[in-house]
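Here the structure comes first, spelled out in structure tokens, and everything after it is commentary.
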Amino acid sequence: MSNATEMILAPEWDDEERMNFMFSDFNENRDVNTTDWDSKMDFWTALIVKACRDRGTVCVSLKELNKTFRRKERSPLGLATVIQSMARCGKIQRESEFAANMDCGWLSWSVGLLLVKPLKWTFSTLLGSSQVTLEESFVVIELVKEKAAELLKVYRSSEFSRCSIISFQELCTLSADVCADESTLCMALLQLQRDKQVTVSLHEGEKIVKFCQAGQDHISQVSDVDMGIYKLQRSQKLLEERVEKLGLEADKCKEEARLLLKEGKKSQALRCLRGRKRVEKRAESLFAKLESIRGILDRIAQSQTDKMVIQAYQAGVSALRLSLKDVTVERAESLVDQIQELCDTQDEVNQTISSVASADEDIDELEEELKSLIAESKPDSISRFPEVPTNVLGPPGGHSLGGSDLLSSLPAVPYRPLDITDEQLEEELNNLKLTDSGFEQEKKTSPARRLEPAQ
């Protein structure tokens, strides 16, 4: 790791008072001041993870942390306590413990990182030692999971995704932008193996990595078929390189022959052309072999696709058989008959409901017709009343009615017995007075109403 001056570690890094507190050692008893203890622990925990992420590494040691967080010729005094606390919480883990959860085959091809040191760490673990040494390396679990996911993403987006097996050297080149060093790559591969996404093995002294392909839940062990495909792919790559190299050599011979011909060295130019022909024949022979290998690989890929399709068909047949387990033709016909009966019943119900509705509509039509008849009969009833005579006395010089005719045209005088008391007569007289006064008032306010015909 680089020095703290090369990276921005925390906003309060230049706060002298705050840093004096953070660089001091932890109290032996956390219960003395839990707030200060937790504050300091959270500060250094987050800072350790941030520093590793900025550097692109997943492993830390006390020696590297002292160097990284050195400030004004001082190193934090409580980093050992922070590492122990992070280990207890599961945020970091010793490399030996991290590798011990994997297959022992990993130790046989490790790059020195997991070869000698794990023995020392394992013995210290067995002895129950909880002391943190300066050289002891720890894996940050959060970061190694991130690196594993990034490595898997890079592989699946590369041209190597068509190959289930890739050499370790090719993987190092492919993951150069993801893993800062080889140890980081090893840790990421260990995490992927823990997640059952890769498996690593040795083949003729060469480290090879097999990735889980799309559609697979977990990785399978390297089989003879996998190794056969890997050998064919290696041969294909080797032949492609040789054909390309022979092509360049043929072009070089042709160019030399052209230069010699310009210089007048015809015999030497002819030898160069003969050499070019030989190179081209070799290239053609290798190219034919290359095409054969490509054809075999295409057939293998096609067979794998066919195998996947057949497996899908088998799964579909099994699922269809289970889904149709209790289904028979007789049962289907019975269900269809029941559905038809229910539909007929529903039609009858709808027809009955619609007949009631039509009866209600008929009643509404009859009421409307009755209202129209009443409206038509009103003018006839008005015309049956006698017309009010407008020329009873007649105009001057016109025809006038006689006395008898006039009396006969008047309505009959109402007859009523005179068995009424004086009080009743006075009351009726008062009512008449009130009626007359109301009539006079009505004539003053709306004289036009007197001209309206009587209804």
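Identifiers in the structure tokens: chain A, B, ... in order shown; residue index from 1 per chain; ligand index from 1 in order shown.
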As a compact mmCIF listing (two decimals) with N, CA and C atoms, in the first residue's frame, please: the residues near Glu95 (chain A) (cut-off 6 Å, only C-alpha atoms, same-chain neighbours under 2 positions excluded).
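Okay, result26.txt is ready:
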```
# COMPACT_ATOMS: atom_id res chain seq x y z
N GLU A 97 -6.96 -19.48 6.99
CA GLU A 97 -8.32 -19.92 7.25
C GLU A 97 -9.18 -19.80 5.99
N PHE A 98 -8.94 -18.76 5.22
CA PHE A 98 -9.69 -18.56 3.99
C PHE A 98 -9.41 -19.69 3.00
N PHE A 138 -4.30 -10.73 6.04
CA PHE A 138 -5.73 -10.97 6.24
C PHE A 138 -6.48 -10.65 4.95
N VAL A 139 -7.56 -11.36 4.72
CA VAL A 139 -8.41 -11.15 3.54
C VAL A 139 -9.65 -10.36 3.98
```
Next on the checklist: For the alpha helix (DSSP H) assignment from backbone DSSP, which residues of region 180-375 of chain A qualify? Please present them as a ChimeraX atom specification.
Outcome noted: /A:182-194,224-262,266-323,329-375
Give me the residues of region 50-79 of chain A that have any atom at most 10 Å from an atom of region 17-23 of chain A; for each, the nearest atom pair and the distance in Å, rounded to one decimal. Use only C-alpha atoms, sort by chain and number, and format it as CSV.
```
residue,atom,partner,partner_atom,distance
A:Phe69,CA,A:Phe23,CA,9.5
A:Arg70,CA,A:Phe23,CA,9.6
A:Arg71,CA,A:Met19,CA,9.1
A:Arg74,CA,A:Phe23,CA,8.1
A:Ser75,CA,A:Phe23,CA,7.0
A:Pro76,CA,A:Phe23,CA,4.3
A:Leu77,CA,A:Phe23,CA,5.9
A:Gly78,CA,A:Phe23,CA,7.2
A:Leu79,CA,A:Phe23,CA,9.0
```
Next on the checklist: Just want the 8 Å neighbourhood of Cys212 (chain A), counted on only C-alpha atoms, with same-chain residues fewer than 3 positions away dropped. Output as a VMD selection string.
Outcome noted: chain A and resid 164 196 to 198 216 to 220
Item to check | Neighbour list for Met308 (chain A) as a PyMOL selection string, cut-off 12 Å, only C-alpha atoms, skip fewer than 6 positions in-chain | outcome: chain A and resi 214-216+301-302+314-315
Next on the checklist: Quick check, in Å to one decimal: how far apart do CA of Ile165 (chain A) and CA of Lys210 (chain A) lie?
Outcome noted: 4.3 Å
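Distances to Ser183 (chain A) were evaluated for A:Lys231, A:Leu429, A:Thr57, A:Val327 using only C-alpha atoms, and the minimum falls at A:Thr57.
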Checklist entry - What's the 10 Å shell around Gln268 (chain A), counting only C-alpha atoms, without same-chain residues fewer than 6 positions away, as JSON, numbers by chain? => result {"A": [256, 257, 260, 261, 274]}
Output all heavy atoms for every residue in that selection, as an mmCIF file, in the first residue's frame.
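Wrote it out as part_3.cif, contents follow:
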```
data_model
loop_
_atom_site.group_PDB
_atom_site.id
_atom_site.type_symbol
_atom_site.label_atom_id
_atom_site.label_comp_id
_atom_site.auth_asym_id
_atom_site.auth_seq_id
_atom_site.Cartn_x
_atom_site.Cartn_y
_atom_site.Cartn_z
ATOM 1 N N GLU A 256 11.454 -9.504 -50.592
ATOM 2 C CA GLU A 256 12.889 -9.643 -50.863
ATOM 3 C C GLU A 256 13.138 -9.941 -52.350
ATOM 4 O O GLU A 256 14.090 -9.420 -52.960
ATOM 5 C CB GLU A 256 13.463 -10.761 -49.991
ATOM 6 C CG GLU A 256 13.564 -10.411 -48.517
ATOM 7 C CD GLU A 256 14.125 -11.558 -47.699
ATOM 8 O OE1 GLU A 256 14.366 -12.633 -48.294
ATOM 9 O OE2 GLU A 256 14.318 -11.375 -46.478
ATOM 10 N N ALA A 257 12.310 -10.782 -52.938
ATOM 11 C CA ALA A 257 12.457 -11.080 -54.368
ATOM 12 C C ALA A 257 12.266 -9.821 -55.209
ATOM 13 O O ALA A 257 12.996 -9.601 -56.201
ATOM 14 C CB ALA A 257 11.446 -12.153 -54.769
ATOM 15 N N LEU A 260 15.501 -7.776 -54.848
ATOM 16 C CA LEU A 260 16.622 -8.390 -55.589
ATOM 17 C C LEU A 260 16.446 -8.229 -57.097
ATOM 18 O O LEU A 260 17.429 -8.049 -57.842
ATOM 19 C CB LEU A 260 16.725 -9.870 -55.231
ATOM 20 C CG LEU A 260 17.197 -10.173 -53.797
ATOM 21 C CD1 LEU A 260 17.080 -11.666 -53.500
ATOM 22 C CD2 LEU A 260 18.631 -9.700 -53.575
ATOM 23 N N LEU A 261 15.216 -8.286 -57.563
ATOM 24 C CA LEU A 261 14.972 -8.109 -58.984
ATOM 25 C C LEU A 261 15.305 -6.694 -59.432
ATOM 26 O O LEU A 261 15.825 -6.476 -60.537
ATOM 27 C CB LEU A 261 13.520 -8.458 -59.295
ATOM 28 C CG LEU A 261 13.145 -8.555 -60.774
ATOM 29 C CD1 LEU A 261 13.972 -9.637 -61.461
ATOM 30 C CD2 LEU A 261 11.661 -8.837 -60.934
ATOM 31 N N ARG A 274 10.984 -19.330 -54.830
ATOM 32 C CA ARG A 274 10.815 -20.755 -54.520
ATOM 33 C C ARG A 274 10.592 -20.965 -53.023
ATOM 34 O O ARG A 274 9.742 -21.784 -52.599
ATOM 35 C CB ARG A 274 12.070 -21.521 -54.961
ATOM 36 C CG ARG A 274 12.227 -21.662 -56.460
ATOM 37 C CD ARG A 274 13.266 -22.741 -56.765
ATOM 38 N NE ARG A 274 13.566 -22.800 -58.180
ATOM 39 C CZ ARG A 274 14.648 -22.261 -58.756
ATOM 40 N NH1 ARG A 274 15.534 -21.626 -58.000
ATOM 41 N NH2 ARG A 274 14.841 -22.368 -60.057
#
```
Next on the checklist: Rounded to one decimal, what separation in Å do you get between CA of Cys186 (chain A) and CA of Ala148 (chain A)?
Outcome noted: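 CA of Cys186 (chain A) sits 9.8 Å away from CA of Ala148 (chain A).
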Next on the checklist: List as a list in words the protein and nucleic acid residues near Phe26 (chain A), meaning an atom at most 12 Å away when only C-alpha atoms are counted, but skip any in the same chain fewer than 5 places from it.
Outcome noted: Phe21, Asp31, Val32, Asn33, Thr34, Thr35, Asp36, Trp37, Asp38, Ser39, Lys40, Met41, Trp44, Pro76, Leu77, Gly78, Leu79, Ala80, Thr81, Val82 and Ser85 of chain A
Checklist entry - Using only C-alpha atoms, which residue out of A:Lys145, A:Lys281, A:Lys207, A:Lys262 lies closest to Ala250 (chain A)? => result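 Using only C-alpha atoms, the shortest distance to Ala250 (chain A) belongs to A:Lys281.
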Next on the checklist: DSSP on the backbone: which residues in region 130-210 of chain A end up as strand (DSSP E)? Give the answer as an NGL selection string.
Outcome noted: :A and (137-140 or 165-167 or 198-203 or 206-210)
With N, CA, C and O atoms retained, export the selected residues as a PDB file, in the first residue's frame.
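Writing the result to again.pdb gives the following:
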```pdb
ATOM      1  N   SER A 137      -1.055 -11.797   7.011  1.00  0.00           N
ATOM      2  CA  SER A 137      -1.952 -11.199   6.018  1.00  0.00           C
ATOM      3  C   SER A 137      -3.389 -11.649   6.262  1.00  0.00           C
ATOM      4  O   SER A 137      -3.643 -12.807   6.614  1.00  0.00           O
ATOM      5  N   PHE A 138      -4.303 -10.726   6.045  1.00  0.00           N
ATOM      6  CA  PHE A 138      -5.734 -10.974   6.241  1.00  0.00           C
ATOM      7  C   PHE A 138      -6.478 -10.647   4.949  1.00  0.00           C
ATOM      8  O   PHE A 138      -6.092  -9.749   4.196  1.00  0.00           O
ATOM      9  N   VAL A 139      -7.558 -11.356   4.722  1.00  0.00           N
ATOM     10  CA  VAL A 139      -8.410 -11.151   3.544  1.00  0.00           C
ATOM     11  C   VAL A 139      -9.649 -10.364   3.978  1.00  0.00           C
ATOM     12  O   VAL A 139     -10.338 -10.760   4.927  1.00  0.00           O
ATOM     13  N   VAL A 140      -9.934  -9.270   3.262  1.00  0.00           N
ATOM     14  CA  VAL A 140     -11.145  -8.484   3.521  1.00  0.00           C
ATOM     15  C   VAL A 140     -12.288  -9.156   2.761  1.00  0.00           C
ATOM     16  O   VAL A 140     -12.327  -9.132   1.521  1.00  0.00           O
ATOM     17  N   ILE A 165     -12.833 -23.940 -20.263  1.00  0.00           N
ATOM     18  CA  ILE A 165     -11.534 -24.045 -19.590  1.00  0.00           C
ATOM     19  C   ILE A 165     -10.586 -23.011 -20.165  1.00  0.00           C
ATOM     20  O   ILE A 165     -10.526 -22.799 -21.382  1.00  0.00           O
ATOM     21  N   ILE A 166      -9.858 -22.345 -19.279  1.00  0.00           N
ATOM     22  CA  ILE A 166      -8.888 -21.336 -19.660  1.00  0.00           C
ATOM     23  C   ILE A 166      -7.638 -21.535 -18.806  1.00  0.00           C
ATOM     24  O   ILE A 166      -7.732 -21.932 -17.633  1.00  0.00           O
ATOM     25  N   SER A 167      -6.492 -21.269 -19.381  1.00  0.00           N
ATOM     26  CA  SER A 167      -5.252 -21.420 -18.615  1.00  0.00           C
ATOM     27  C   SER A 167      -5.102 -20.278 -17.617  1.00  0.00           C
ATOM     28  O   SER A 167      -5.674 -19.194 -17.792  1.00  0.00           O
ATOM     29  N   VAL A 198     -16.204 -21.802 -10.122  1.00  0.00           N
ATOM     30  CA  VAL A 198     -15.007 -22.237 -10.841  1.00  0.00           C
ATOM     31  C   VAL A 198     -14.421 -23.445 -10.126  1.00  0.00           C
ATOM     32  O   VAL A 198     -14.737 -23.720  -8.955  1.00  0.00           O
ATOM     33  N   THR A 199     -13.567 -24.142 -10.859  1.00  0.00           N
ATOM     34  CA  THR A 199     -12.750 -25.194 -10.270  1.00  0.00           C
ATOM     35  C   THR A 199     -11.379 -25.142 -10.934  1.00  0.00           C
ATOM     36  O   THR A 199     -11.274 -24.836 -12.123  1.00  0.00           O
ATOM     37  N   VAL A 200     -10.342 -25.398 -10.149  1.00  0.00           N
ATOM     38  CA  VAL A 200      -8.968 -25.264 -10.619  1.00  0.00           C
ATOM     39  C   VAL A 200      -8.289 -26.624 -10.499  1.00  0.00           C
ATOM     40  O   VAL A 200      -8.492 -27.351  -9.522  1.00  0.00           O
ATOM     41  N   SER A 201      -7.491 -26.968 -11.516  1.00  0.00           N
ATOM     42  CA  SER A 201      -6.767 -28.237 -11.482  1.00  0.00           C
ATOM     43  C   SER A 201      -5.466 -28.087 -12.254  1.00  0.00           C
ATOM     44  O   SER A 201      -5.221 -27.059 -12.911  1.00  0.00           O
ATOM     45  N   LEU A 202      -4.634 -29.103 -12.162  1.00  0.00           N
ATOM     46  CA  LEU A 202      -3.345 -29.148 -12.861  1.00  0.00           C
ATOM     47  C   LEU A 202      -3.434 -30.153 -13.995  1.00  0.00           C
ATOM     48  O   LEU A 202      -3.967 -31.256 -13.829  1.00  0.00           O
ATOM     49  N   HIS A 203      -2.895 -29.759 -15.163  1.00  0.00           N
ATOM     50  CA  HIS A 203      -2.855 -30.657 -16.309  1.00  0.00           C
ATOM     51  C   HIS A 203      -1.487 -30.559 -16.953  1.00  0.00           C
ATOM     52  O   HIS A 203      -1.130 -29.529 -17.532  1.00  0.00           O
ATOM     53  N   GLU A 206       0.422 -27.624 -15.960  1.00  0.00           N
ATOM     54  CA  GLU A 206      -0.180 -26.330 -16.297  1.00  0.00           C
ATOM     55  C   GLU A 206      -1.433 -26.121 -15.456  1.00  0.00           C
ATOM     56  O   GLU A 206      -2.284 -27.011 -15.332  1.00  0.00           O
ATOM     57  N   LYS A 207      -1.537 -24.945 -14.872  1.00  0.00           N
ATOM     58  CA  LYS A 207      -2.717 -24.603 -14.082  1.00  0.00           C
ATOM     59  C   LYS A 207      -3.840 -24.200 -15.023  1.00  0.00           C
ATOM     60  O   LYS A 207      -3.687 -23.313 -15.867  1.00  0.00           O
ATOM     61  N   ILE A 208      -5.002 -24.830 -14.879  1.00  0.00           N
ATOM     62  CA  ILE A 208      -6.164 -24.516 -15.714  1.00  0.00           C
ATOM     63  C   ILE A 208      -7.352 -24.209 -14.814  1.00  0.00           C
ATOM     64  O   ILE A 208      -7.480 -24.730 -13.701  1.00  0.00           O
ATOM     65  N   VAL A 209      -8.228 -23.353 -15.314  1.00  0.00           N
ATOM     66  CA  VAL A 209      -9.405 -22.904 -14.565  1.00  0.00           C
ATOM     67  C   VAL A 209     -10.638 -23.197 -15.409  1.00  0.00           C
ATOM     68  O   VAL A 209     -10.705 -22.812 -16.581  1.00  0.00           O
ATOM     69  N   LYS A 210     -11.601 -23.878 -14.821  1.00  0.00           N
ATOM     70  CA  LYS A 210     -12.864 -24.155 -15.492  1.00  0.00           C
ATOM     71  C   LYS A 210     -13.960 -23.297 -14.876  1.00  0.00           C
ATOM     72  O   LYS A 210     -14.174 -23.327 -13.657  1.00  0.00           O
TER      73      LYS A 210
END
```
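Using only C-alpha atoms, the shortest contact distance between Asp177 (chain A) and any of A:Gly56, A:Asp251, A:Glu291, A:Tyr230 is found at A:Gly56.
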